[in-house]
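Below is the file final.tsv, which contains TSV, C-alpha atoms (C1' of nucleotides) and all ligand atoms.
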```tsv
chain	number	residue	atom	x	y	z
A	137	MET	CA	0.00	0.00	0.00
A	138	PHE	CA	2.27	2.79	1.23
A	139	HIS	CA	5.94	3.39	0.45
A	140	LYS	CA	8.50	2.03	2.89
A	141	GLU	CA	9.31	5.59	3.88
A	142	THR	CA	5.69	6.22	4.81
A	143	GLU	CA	5.51	2.98	6.77
A	144	TYR	CA	8.65	3.83	8.75
A	145	ALA	CA	7.34	7.33	9.38
A	146	LEU	CA	3.99	5.98	10.61
A	147	ARG	CA	5.55	3.42	12.90
A	148	GLY	CA	8.17	5.87	14.12
A	149	LEU	CA	5.77	8.66	14.96
A	150	VAL	CA	3.33	6.33	16.69
A	151	TYR	CA	6.18	4.93	18.78
A	152	ILE	CA	7.40	8.41	19.67
A	153	GLN	CA	3.92	9.46	20.71
A	154	GLN	CA	3.47	6.35	22.83
A	155	GLN	CA	6.76	6.98	24.61
A	156	ASN	CA	5.97	10.66	25.03
A	157	GLU	CA	2.75	9.67	26.79
A	158	LEU	CA	4.91	7.72	29.22
A	159	GLY	CA	7.05	10.80	29.80
A	160	HIS	CA	9.93	9.52	27.68
A	161	ARG	CA	11.63	11.16	24.70
A	162	PRO	CA	13.14	8.33	22.66
A	163	GLY	CA	16.32	8.72	20.64
A	164	LEU	CA	16.93	7.52	17.12
A	165	ALA	CA	18.70	4.28	18.03
A	166	GLU	CA	15.86	3.19	20.28
A	167	ILE	CA	13.17	4.15	17.79
A	168	ALA	CA	14.75	2.32	14.88
A	169	ARG	CA	15.30	-0.78	16.99
A	170	GLU	CA	11.76	-0.82	18.36
A	171	ILE	CA	9.97	-0.27	15.06
A	172	ASP	CA	12.29	-2.67	13.23
A	173	ALA	CA	13.53	-0.17	10.66
A	174	PRO	CA	17.00	0.61	9.25
A	175	GLY	CA	18.70	3.04	11.64
A	176	PHE	CA	20.34	5.58	9.36
A	177	TYR	CA	17.39	5.62	7.00
A	178	THR	CA	15.00	6.18	9.86
A	179	GLY	CA	17.22	9.06	10.97
A	180	LYS	CA	17.00	10.68	7.59
A	181	ILE	CA	13.24	10.31	7.53
A	182	LEU	CA	12.69	11.74	11.02
A	183	GLN	CA	15.06	14.58	10.21
A	184	ARG	CA	12.92	15.49	7.22
A	185	LEU	CA	9.78	15.37	9.36
A	186	VAL	CA	11.37	17.69	11.91
A	187	ARG	CA	12.25	20.15	9.15
A	188	GLN	CA	8.65	19.96	7.95
A	189	GLY	CA	7.41	20.77	11.43
A	190	PHE	CA	5.74	17.45	12.22
A	191	LEU	CA	7.75	16.89	15.36
A	192	THR	CA	10.57	18.34	17.41
A	193	SER	CA	14.01	17.04	18.26
A	194	ARG	CA	16.72	17.86	20.78
A	195	LYS	CA	20.41	17.26	20.32
A	196	GLY	CA	22.94	16.11	22.91
A	197	LYS	CA	22.53	14.24	26.15
A	198	GLY	CA	18.95	13.47	26.99
A	199	GLY	CA	18.03	14.39	23.44
A	200	GLY	CA	15.50	12.65	21.27
A	201	PHE	CA	12.24	13.13	19.44
A	202	GLY	CA	8.85	14.26	20.56
A	203	PHE	CA	5.72	16.23	19.88
A	204	GLY	CA	5.08	19.54	21.52
A	205	ARG	CA	2.37	19.24	24.20
A	206	ASP	CA	0.35	21.88	22.43
A	207	LYS	CA	0.45	20.21	19.02
A	208	PRO	CA	-2.95	19.22	17.68
A	209	PRO	CA	-3.47	15.58	16.66
A	210	LEU	CA	-1.75	14.73	13.39
A	211	PRO	CA	-3.96	13.06	10.77
A	212	LEU	CA	-2.22	10.30	8.85
A	213	ARG	CA	-3.28	12.13	5.72
A	214	ASP	CA	-0.90	15.03	6.38
A	215	LEU	CA	1.97	12.64	6.91
A	216	ILE	CA	1.19	10.64	3.79
A	217	LEU	CA	0.88	13.71	1.58
A	218	ALA	CA	4.19	15.01	2.87
A	219	THR	CA	6.10	11.77	2.41
A	220	GLU	CA	4.73	10.20	-0.76
A	221	GLY	CA	2.28	12.62	-2.30
A	222	ASN	CA	-1.33	12.16	-3.28
A	223	LYS	CA	-1.27	9.41	-5.90
A	224	ILE	CA	-2.71	6.85	-3.53
A	225	LEU	CA	-5.44	9.22	-2.34
A	226	THR	CA	-6.56	10.83	-5.58
A	227	GLY	CA	-5.05	8.86	-8.49
A	228	CYS	CA	-6.98	6.89	-11.10
A	229	ALA	CA	-6.73	3.11	-10.71
A	230	PHE	CA	-6.53	2.75	-14.46
A	231	GLY	CA	-3.66	5.22	-14.66
A	232	LEU	CA	-5.50	8.02	-16.46
A	233	LYS	CA	-3.84	11.39	-15.96
A	234	GLU	CA	-6.49	12.29	-13.44
A	235	CYS	CA	-9.59	10.75	-12.00
A	236	ASP	CA	-12.41	12.73	-13.56
A	237	GLN	CA	-15.99	11.79	-12.67
A	238	ASP	CA	-17.09	13.23	-15.99
A	239	HIS	CA	-14.80	10.91	-17.92
A	240	PRO	CA	-14.65	7.86	-15.69
A	241	CYS	CA	-12.36	4.96	-16.50
A	242	PRO	CA	-13.86	1.45	-16.52
A	243	LEU	CA	-12.85	0.96	-12.89
A	244	HIS	CA	-14.04	4.29	-11.56
A	245	TYR	CA	-17.46	3.44	-10.19
A	246	ARG	CA	-16.19	0.50	-8.25
A	247	TYR	CA	-12.82	1.95	-7.28
A	248	ALA	CA	-13.83	5.44	-6.18
A	249	PRO	CA	-15.77	4.21	-3.12
A	250	ILE	CA	-12.76	2.20	-1.98
A	251	ARG	CA	-10.46	5.17	-2.42
A	252	ASN	CA	-12.99	7.32	-0.57
A	253	ALA	CA	-12.94	4.89	2.32
A	254	LEU	CA	-9.17	5.13	2.41
A	255	ASN	CA	-9.35	8.92	2.36
A	256	ASP	CA	-11.79	8.83	5.22
A	257	LEU	CA	-9.52	6.54	7.21
A	258	VAL	CA	-6.41	8.67	6.83
A	259	ALA	CA	-8.35	11.88	7.46
A	260	THR	CA	-9.85	10.68	10.73
A	261	ALA	CA	-7.11	8.45	12.14
A	262	THR	CA	-4.28	10.38	13.76
A	263	ILE	CA	-0.86	9.46	15.11
A	264	GLN	CA	-2.28	10.12	18.55
A	265	SER	CA	-5.34	7.92	18.06
A	266	LEU	CA	-3.16	5.08	16.81
A	267	ALA	CA	-0.75	5.53	19.69
A	268	GLY	CA	-3.40	5.02	22.31
A	269	SER	CA	-4.35	1.37	22.01
A	270	LEU	CA	-7.94	2.59	21.94
A	271	ALA	CA	-9.97	4.02	19.10
A	272	ALA	CA	-8.52	3.06	15.77
A	273	SER	CA	-6.99	-0.26	16.69
A	274	VAL	CA	-10.00	-1.82	18.34
A	275	PRO	CA	-12.67	-3.68	16.35
A	276	PRO	CA	-15.45	-1.15	15.73
A	277	ALA	CA	-18.16	-3.26	17.36
A	278	ARG	CA	-19.36	-4.93	14.16
A	279	GLU	CA	-21.77	-2.55	12.60
A	280	LYS	CA	-20.61	-2.18	9.02
A	281	PRO	CA	-19.25	-5.74	8.83
A	282	ASP	CA	-17.49	-5.49	5.49
A	283	ILE	CA	-17.40	-3.62	2.27
A	284	GLY	CA	-16.95	-6.12	-0.52
A	285	SER	CA	-19.81	-7.88	-2.23
A	286	ASN	CA	-18.24	-11.25	-1.46
A	287	PRO	CA	-18.61	-11.20	2.32
A	288	ASP	CA	-17.65	-14.82	2.78
A	289	LYS	CA	-14.16	-14.19	1.45
A	290	ASN	CA	-13.37	-11.27	3.70
A	291	ILE	CA	-11.39	-11.49	6.87
A	292	ASN	CA	-11.31	-8.84	9.53
B	257	MET	CA	-2.38	2.70	-6.48
B	258	PHE	CA	-0.88	0.25	-8.95
B	259	HIS	CA	2.57	0.30	-10.55
B	260	LYS	CA	2.91	1.94	-13.95
B	261	GLU	CA	3.54	-1.48	-15.43
B	262	THR	CA	0.24	-2.76	-14.05
B	263	GLU	CA	-1.60	0.30	-15.32
B	264	TYR	CA	-0.17	-0.11	-18.82
B	265	ALA	CA	-1.00	-3.81	-18.76
B	266	LEU	CA	-4.57	-3.11	-17.66
B	267	ARG	CA	-5.16	-0.44	-20.29
B	268	GLY	CA	-3.41	-2.49	-22.97
B	269	LEU	CA	-5.34	-5.68	-22.37
B	270	VAL	CA	-8.66	-3.86	-22.17
B	271	TYR	CA	-7.91	-2.12	-25.47
B	272	ILE	CA	-6.90	-5.40	-27.11
B	273	GLN	CA	-10.08	-7.07	-25.91
B	274	GLN	CA	-12.21	-4.19	-27.17
B	275	GLN	CA	-10.58	-4.35	-30.60
B	276	ASN	CA	-10.85	-8.13	-30.70
B	277	GLU	CA	-14.57	-7.79	-30.12
B	278	LEU	CA	-14.65	-5.62	-33.24
B	279	GLY	CA	-12.81	-8.33	-35.18
B	280	HIS	CA	-9.48	-6.48	-35.11
B	281	ARG	CA	-6.09	-7.64	-33.83
B	282	PRO	CA	-4.17	-4.49	-32.91
B	283	GLY	CA	-0.41	-4.22	-33.21
B	284	LEU	CA	1.98	-2.76	-30.68
B	285	ALA	CA	2.28	0.68	-32.27
B	286	GLU	CA	-1.48	1.15	-32.34
B	287	ILE	CA	-1.94	-0.12	-28.79
B	288	ALA	CA	0.72	2.10	-27.28
B	289	ARG	CA	-0.62	5.12	-29.12
B	290	GLU	CA	-4.23	4.49	-28.11
B	291	ILE	CA	-3.59	3.83	-24.42
B	292	ASP	CA	-1.06	6.68	-24.21
B	293	ALA	CA	1.85	4.54	-23.03
B	294	PRO	CA	5.54	4.45	-24.03
B	295	GLY	CA	5.85	2.20	-27.07
B	296	PHE	CA	8.92	0.11	-26.38
B	297	TYR	CA	8.02	-0.31	-22.73
B	298	THR	CA	4.53	-1.43	-23.64
B	299	GLY	CA	6.09	-3.92	-26.02
B	300	LYS	CA	8.21	-5.39	-23.28
B	301	ILE	CA	5.21	-5.66	-20.98
B	302	LEU	CA	2.95	-7.32	-23.54
B	303	GLN	CA	5.78	-9.68	-24.47
B	304	ARG	CA	6.03	-10.78	-20.86
B	305	LEU	CA	2.25	-11.29	-20.69
B	306	VAL	CA	2.38	-13.45	-23.81
B	307	ARG	CA	5.13	-15.58	-22.26
B	308	GLN	CA	2.97	-15.93	-19.14
B	309	GLY	CA	0.07	-17.11	-21.25
B	310	PHE	CA	-2.28	-14.18	-20.68
B	311	LEU	CA	-2.64	-13.46	-24.37
B	312	THR	CA	-1.40	-14.50	-27.79
B	313	SER	CA	0.58	-12.70	-30.44
B	314	ARG	CA	1.36	-13.16	-34.11
B	315	LYS	CA	4.44	-11.90	-35.91
B	316	GLY	CA	4.69	-10.45	-39.38
B	317	LYS	CA	2.15	-8.89	-41.68
B	318	GLY	CA	-1.30	-8.76	-40.17
B	319	GLY	CA	0.23	-9.66	-36.84
B	320	GLY	CA	-0.78	-8.27	-33.47
B	321	PHE	CA	-2.16	-9.20	-30.10
B	322	GLY	CA	-5.31	-10.96	-29.03
B	323	PHE	CA	-7.03	-13.40	-26.74
B	324	GLY	CA	-7.99	-16.84	-27.89
B	325	ARG	CA	-11.74	-17.11	-28.37
B	326	ASP	CA	-11.83	-20.01	-25.93
B	327	LYS	CA	-10.01	-18.14	-23.16
B	328	PRO	CA	-12.03	-17.68	-19.97
B	329	PRO	CA	-12.45	-14.13	-18.63
B	330	LEU	CA	-9.28	-12.84	-16.99
B	331	PRO	CA	-9.75	-11.43	-13.47
B	332	LEU	CA	-7.69	-8.31	-12.81
B	333	ARG	CA	-6.36	-10.13	-9.77
B	334	ASP	CA	-4.41	-12.62	-11.89
B	335	LEU	CA	-2.85	-9.82	-13.89
B	336	ILE	CA	-1.93	-7.81	-10.79
B	337	LEU	CA	-0.36	-10.77	-9.03
B	338	ALA	CA	1.68	-11.58	-12.12
B	339	THR	CA	2.93	-8.05	-12.69
B	340	GLU	CA	3.47	-6.55	-9.24
B	341	GLY	CA	2.87	-9.26	-6.67
B	342	ASN	CA	0.53	-9.35	-3.71
B	343	LYS	CA	1.68	-6.50	-1.50
B	344	ILE	CA	-1.27	-4.32	-2.38
B	345	LEU	CA	-3.73	-7.19	-1.84
B	346	THR	CA	-2.43	-8.77	1.34
B	347	GLY	CA	0.17	-6.43	2.89
B	348	CYS	CA	-0.13	-4.65	6.23
B	349	ALA	CA	-0.80	-0.91	5.97
B	350	PHE	CA	1.54	-0.30	8.89
B	351	GLY	CA	4.33	-2.26	7.22
B	352	LEU	CA	4.40	-5.20	9.60
B	353	LYS	CA	5.98	-8.28	8.03
B	354	GLU	CA	2.55	-9.75	7.53
B	355	CYS	CA	-1.00	-8.84	8.31
B	356	ASP	CA	-1.96	-11.18	11.12
B	357	GLN	CA	-5.45	-10.87	12.61
B	358	ASP	CA	-4.11	-12.30	15.85
B	359	HIS	CA	-1.52	-9.53	16.14
B	360	PRO	CA	-3.25	-6.61	14.44
B	361	CYS	CA	-1.45	-3.31	13.89
B	362	PRO	CA	-3.21	-0.11	14.98
B	363	LEU	CA	-4.66	0.32	11.51
B	364	HIS	CA	-5.84	-3.23	10.97
B	365	TYR	CA	-9.48	-3.04	11.96
B	366	ARG	CA	-10.13	-0.05	9.80
B	367	TYR	CA	-7.81	-0.96	6.92
B	368	ALA	CA	-8.67	-4.62	6.46
B	369	PRO	CA	-12.23	-3.91	5.22
B	370	ILE	CA	-10.87	-1.50	2.64
B	371	ARG	CA	-8.32	-4.01	1.45
B	372	ASN	CA	-11.04	-6.66	1.35
B	373	ALA	CA	-13.14	-4.41	-0.85
B	374	LEU	CA	-10.19	-4.03	-3.20
B	375	ASN	CA	-9.67	-7.79	-3.25
B	376	ASP	CA	-13.30	-8.27	-4.09
B	377	LEU	CA	-13.08	-5.74	-6.91
B	378	VAL	CA	-10.06	-7.28	-8.58
B	379	ALA	CA	-11.41	-10.80	-8.13
B	380	THR	CA	-14.75	-10.06	-9.78
B	381	ALA	CA	-13.79	-7.49	-12.41
B	382	THR	CA	-12.22	-8.97	-15.52
B	383	ILE	CA	-10.50	-7.58	-18.58
B	384	GLN	CA	-13.56	-8.64	-20.52
B	385	SER	CA	-16.03	-6.97	-18.19
B	386	LEU	CA	-14.04	-3.74	-18.31
B	387	ALA	CA	-13.80	-3.93	-22.09
B	388	GLY	CA	-17.54	-4.00	-22.56
B	389	SER	CA	-18.72	-0.58	-21.46
B	390	LEU	CA	-21.29	-2.42	-19.37
B	391	ALA	CA	-20.96	-4.02	-15.97
B	392	ALA	CA	-17.96	-2.63	-14.15
B	393	SER	CA	-17.91	0.83	-15.62
B	394	VAL	CA	-21.51	1.77	-15.04
B	395	PRO	CA	-22.68	3.32	-11.78
B	396	PRO	CA	-24.03	0.42	-9.69
B	397	ALA	CA	-27.49	1.91	-9.25
B	398	ARG	CA	-26.82	3.53	-5.88
B	399	GLU	CA	-27.35	0.84	-3.33
B	400	LYS	CA	-24.21	0.87	-1.24
B	401	PRO	CA	-23.60	4.58	-1.76
B	402	ASP	CA	-20.22	4.80	-0.10
B	403	ILE	CA	-17.93	3.14	2.33
B	404	GLY	CA	-16.36	5.82	4.44
B	405	SER	CA	-17.93	7.16	7.60
B	406	ASN	CA	-17.73	10.70	6.24
B	407	PRO	CA	-20.23	10.39	3.41
B	408	ASP	CA	-20.40	14.08	2.68
B	409	LYS	CA	-16.79	14.18	1.63
B	410	ASN	CA	-17.02	11.31	-0.82
B	411	ILE	CA	-17.40	11.70	-4.52
B	412	ASN	CA	-18.46	8.95	-6.84
C	238	DC	C1'	11.84	-17.02	-53.04
C	239	DT	C1'	12.05	-12.20	-51.72
C	240	DA	C1'	10.62	-8.16	-49.60
C	241	DT	C1'	8.12	-6.46	-46.03
C	242	DT	C1'	6.06	-6.36	-41.80
C	243	DA	C1'	5.75	-6.91	-36.91
C	244	DA	C1'	6.79	-9.22	-32.64
C	245	DA	C1'	10.78	-11.29	-29.56
C	246	DA	C1'	14.86	-10.71	-27.24
C	247	DG	C1'	17.89	-8.42	-24.72
C	248	DA	C1'	21.36	-4.75	-23.94
C	249	DC	C1'	21.47	-0.34	-22.09
C	250	DA	C1'	20.22	3.81	-19.47
C	251	DA	C1'	17.60	7.19	-16.60
C	252	DA	C1'	14.99	8.02	-12.53
C	253	DA	C1'	13.13	6.90	-8.17
C	254	DA	C1'	13.15	4.38	-3.95
C	255	DG	C1'	15.63	2.49	-0.40
C	256	DG	C1'	19.68	2.37	2.43
C	257	DT	C1'	24.60	3.26	4.48
C	258	DC	C1'	28.12	5.95	6.39
C	259	DT	C1'	31.07	9.94	7.72
C	260	DT	C1'	31.43	14.53	9.27
C	261	DT	C1'	29.47	18.48	11.52
C	262	DT	C1'	26.72	20.88	14.88
C	263	DA	C1'	24.49	21.55	19.14
C	264	DA	C1'	23.21	20.32	23.70
C	265	DT	C1'	24.23	18.42	28.36
C	266	DT	C1'	26.96	17.04	32.19
C	267	DA	C1'	30.91	16.60	34.84
D	105	DT	C1'	35.69	24.54	29.90
D	106	DA	C1'	36.18	19.76	28.30
D	107	DA	C1'	34.21	15.41	27.35
D	108	DT	C1'	30.35	13.18	25.93
D	109	DT	C1'	26.16	12.47	23.76
D	110	DA	C1'	22.89	12.63	20.09
D	111	DA	C1'	20.78	14.83	16.14
D	112	DA	C1'	21.74	17.37	11.41
D	113	DA	C1'	23.66	17.35	7.12
D	114	DG	C1'	24.95	15.46	3.21
D	115	DA	C1'	27.86	12.37	0.31
D	116	DC	C1'	27.56	8.05	-1.53
D	117	DC	C1'	25.74	3.52	-2.81
D	118	DT	C1'	22.27	-0.36	-4.18
D	119	DT	C1'	18.08	-1.96	-5.94
D	120	DT	C1'	13.89	-1.45	-8.31
D	121	DT	C1'	11.14	0.71	-11.55
D	122	DT	C1'	10.58	2.81	-15.75
D	123	DG	C1'	11.96	3.58	-20.22
D	124	DT	C1'	14.81	3.41	-24.86
D	125	DC	C1'	16.89	1.27	-28.59
D	126	DT	C1'	19.07	-2.23	-31.63
D	127	DT	C1'	19.20	-6.72	-33.40
D	128	DT	C1'	16.97	-11.05	-34.32
D	129	DT	C1'	13.21	-14.08	-35.50
D	130	DA	C1'	9.00	-15.33	-37.58
D	131	DA	C1'	5.07	-14.62	-40.40
D	132	DT	C1'	2.75	-13.03	-44.59
D	133	DA	C1'	2.08	-11.07	-49.24
D	134	DG	C1'	3.51	-10.53	-53.64
A	501	LIG	S1	-11.30	7.79	-13.58
A	501	LIG	FE1	-10.20	6.01	-13.05
A	501	LIG	S2	-10.64	5.85	-10.95
A	501	LIG	FE2	-11.77	7.64	-11.47
A	502	LIG	S1	-1.89	-6.15	10.71
A	502	LIG	FE1	-1.62	-4.22	9.74
A	502	LIG	S2	-3.26	-4.27	8.33
A	502	LIG	FE2	-3.53	-6.17	9.33
```
Please go through the file and, once you have read it, give me the structure as structure tokens.
Amino acid sequence: MFHKETEYALRGLVYIQQQNELGHRPGLAEIAREIDAPGFYTGKILQRLVRQGFLTSRKGKGGGFGFGRDKPPLPLRDLILATEGNKILTGCAFGLKECDQDHPCPLHYRYAPIRNALNDLVATATIQSLAGSLAASVPPAREKPDIGSNPDKNIN
Amino acid sequence: MFHKETEYALRGLVYIQQQNELGHRPGLAEIAREIDAPGFYTGKILQRLVRQGFLTSRKGKGGGFGFGRDKPPLPLRDLILATEGNKILTGCAFGLKECDQDHPCPLHYRYAPIRNALNDLVATATIQSLAGSLAASVPPAREKPDIGSNPDKNIN
DNA sequence: CTATTAAAAGACAAAAAGGTCTTTTAATTA
DNA sequence: TAATTAAAAGACCTTTTTGTCTTTTAATAG
């Protein structure tokens, strides 16, 4: 689904937020080890996110990464757009230059709802909601059981 | 969403099927031009698909690409698995080594239904169904309007 | 049989994604 | 202030994806 870079960023930020909630500011070595990502590459990615204002860092002893206490929750969408762009969120499944409802490709009417569901997910889920074991990670009490028209094949 | 190679393959095969239905076996130059894809690259892709048995080709004058009349409909799923593998259909959105319901990532319960919907789409839509302007490409008579929980933001 | 046509094969190259490593800068602590 | 710690910066490399081009092979038409 997402690029490796996006995956590392997601896992990294969620880990940082979880540790922050415990009053801990993790450093790069710890983060990379815990999220099972390549150390130097993770460093480069976090660095970029700091420059983009998604999180803060401190150098030297006791340094590490964290979110400011005042920072509003960060929707996954913002992170995704910053790291890999909008192809996955707005692109045409058939590869047309753009997805245009007025000139739909043969997949449009079945693909658009799926893409919309993804957009909704990344707009409403935040790093903070994923960090708390609550909300996003818990089964949503079976109400909309599944989306496909082949319910028997789906696993949740 | 998909790799460029998959997109070109999708558009190419649908075009070939459409032309076949009109009694025409298009050649590479025509195909690449009509689906707006790089010629030589499209050639390489189609060549690979021929080797994998997805379609047939004929060299020389009057040559071109086509499906055998006896060939059963080709689900997009088969094409996708052959060209770019199963990451998009079975991978974890958080980047865990595998998506395991027993050890779900924080995105699992909201992502799995979306991925299931995609699996359903590519399992039921075929090159042939997309080629006919019917079936897949026509709005499905508004019954399951949308998937997300933010209906007002969705466009179909 | 010959000329022509068009796909097959495969070398080659550019661009993007993914990853490693060294040097520099800044902060803390002793 | 000096030693230590940890992030910032950026050079460099590898792999994958995407794309180009030339040569070869096979089919058909005349
Ligand atoms: S036009 Fe292809 S997905 Fe909308
Ligand atoms: S475990 Fe991550 S999507 Fe299932």
Subject >> Close residues, DT262 of chain C itself excluded, 10 Å, all atoms listed in the file, min 4 positions apart in chain, as a list of chain:residue names >> reply: A:Lys195, D:DA111, D:DA112, D:DA113
Original post:
Once you count all atoms listed in the file, which residues end up within 12 Å of ligand LIG 502 (chain A), and could you hand them over as a ChimeraX atom specification?
Top reply: /A:137-138,143,146-147,266,272-275,291-292 /B:343-372
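Take atom CA of Ile167 of chain A and atom CA of Ile152 of chain A: the distance between them is 7.4 Å.
All polymer residues at most 7 Å from (10.3, 0.5, -6.9), using all atoms listed in the file, appear as DA254 of chain C; DT120 and DT121 of chain D.
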Find the residues around Thr262 of chain B up to 7 Å (only C-alpha atoms (C1' of nucleotides) counted), leave out those fewer than 5 positions away in its own chain, and share them as a PDB file with C-alpha atoms, in the coordinates of the input.
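The resulting file, out-v8.pdb, is reproduced below:
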```
ATOM      1  CA  ILE B 336      -1.930  -7.810 -10.790  1.00  0.00           C
ATOM      2  CA  THR B 339       2.930  -8.050 -12.690  1.00  0.00           C
ATOM      3  CA  GLU B 340       3.470  -6.550  -9.240  1.00  0.00           C
TER       4      GLU B 340
END
```
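As for atom CA of Arg314 of chain B and atom CA of Lys327 of chain B, they are spaced 16.6 Å apart.
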**OP:** At a cut-off of 10 Å, list the chain D residues touching chain B, using all atoms listed in the file, as a VMD selection string.
**Re:** chain D and resid 121 to 125 129 to 133
**OP:** Please tell me which residues are no farther than 10 Å from (15.0, -3.8, -29.7) in the file, counting all atoms listed in the file, and write them as a VMD selection string.
**Re:** (chain B and resid 296 299 to 300) or (chain C and resid 245 to 248) or (chain D and resid 124 to 128)
Quick one: axis-aligned box around all listed atoms of ligand LIG 501 (chain A), 3 Å on every side, centre and edge lengths in Å to one decimal, written as lines of an AutoDock Vina configuration file.
```
center_x = -11.0
center_y = 6.8
center_z = -12.3
size_x = 7.6
size_y = 7.9
size_z = 8.6
```
**OP:** Could you list the residues in chain C lying within 9 Å of chain A, using only C-alpha atoms (C1' of nucleotides), and format the result as a VMD selection string?
**Re:** chain C and resid 254 to 258 263 to 266
Original post:
Using only C-alpha atoms, which of A:Gln188, A:Ala145, A:Leu182, A:Gly159 sits nearest chain B?
Top reply: A:Ala145
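The gap separating atom C1' of DT241 of chain C from atom CA of Gly322 of chain B is 22.1 Å, in Å to one decimal.
When all atoms listed in the file are used to compute distances to chain B, the closest of the residues A:Val186, A:Gln155, A:Arg213, A:Ile171 turns out to be A:Ile171.
Distances here use all atoms listed in the file; by that measure, the residue among A:Phe201, A:Gln153, A:Ala218, A:Ala253 closest to chain B is A:Ala253.
Each of B:Pro282, B:Pro331, B:Gly388, B:Gly320 was checked against chain A using only C-alpha atoms; the smallest atom-to-atom distance is that of B:Gly388.
Among the candidates A:Asp214, A:Asp172, A:Glu157, A:Glu166, the one nearest to chain B when counting all atoms listed in the file is A:Asp172.
Comparing the minimum interatomic distances between chain A and each of B:Leu337, B:Leu278, B:Gly268, B:Ala285, counting all atoms listed in the file, we find that B:Gly268 sits nearest.
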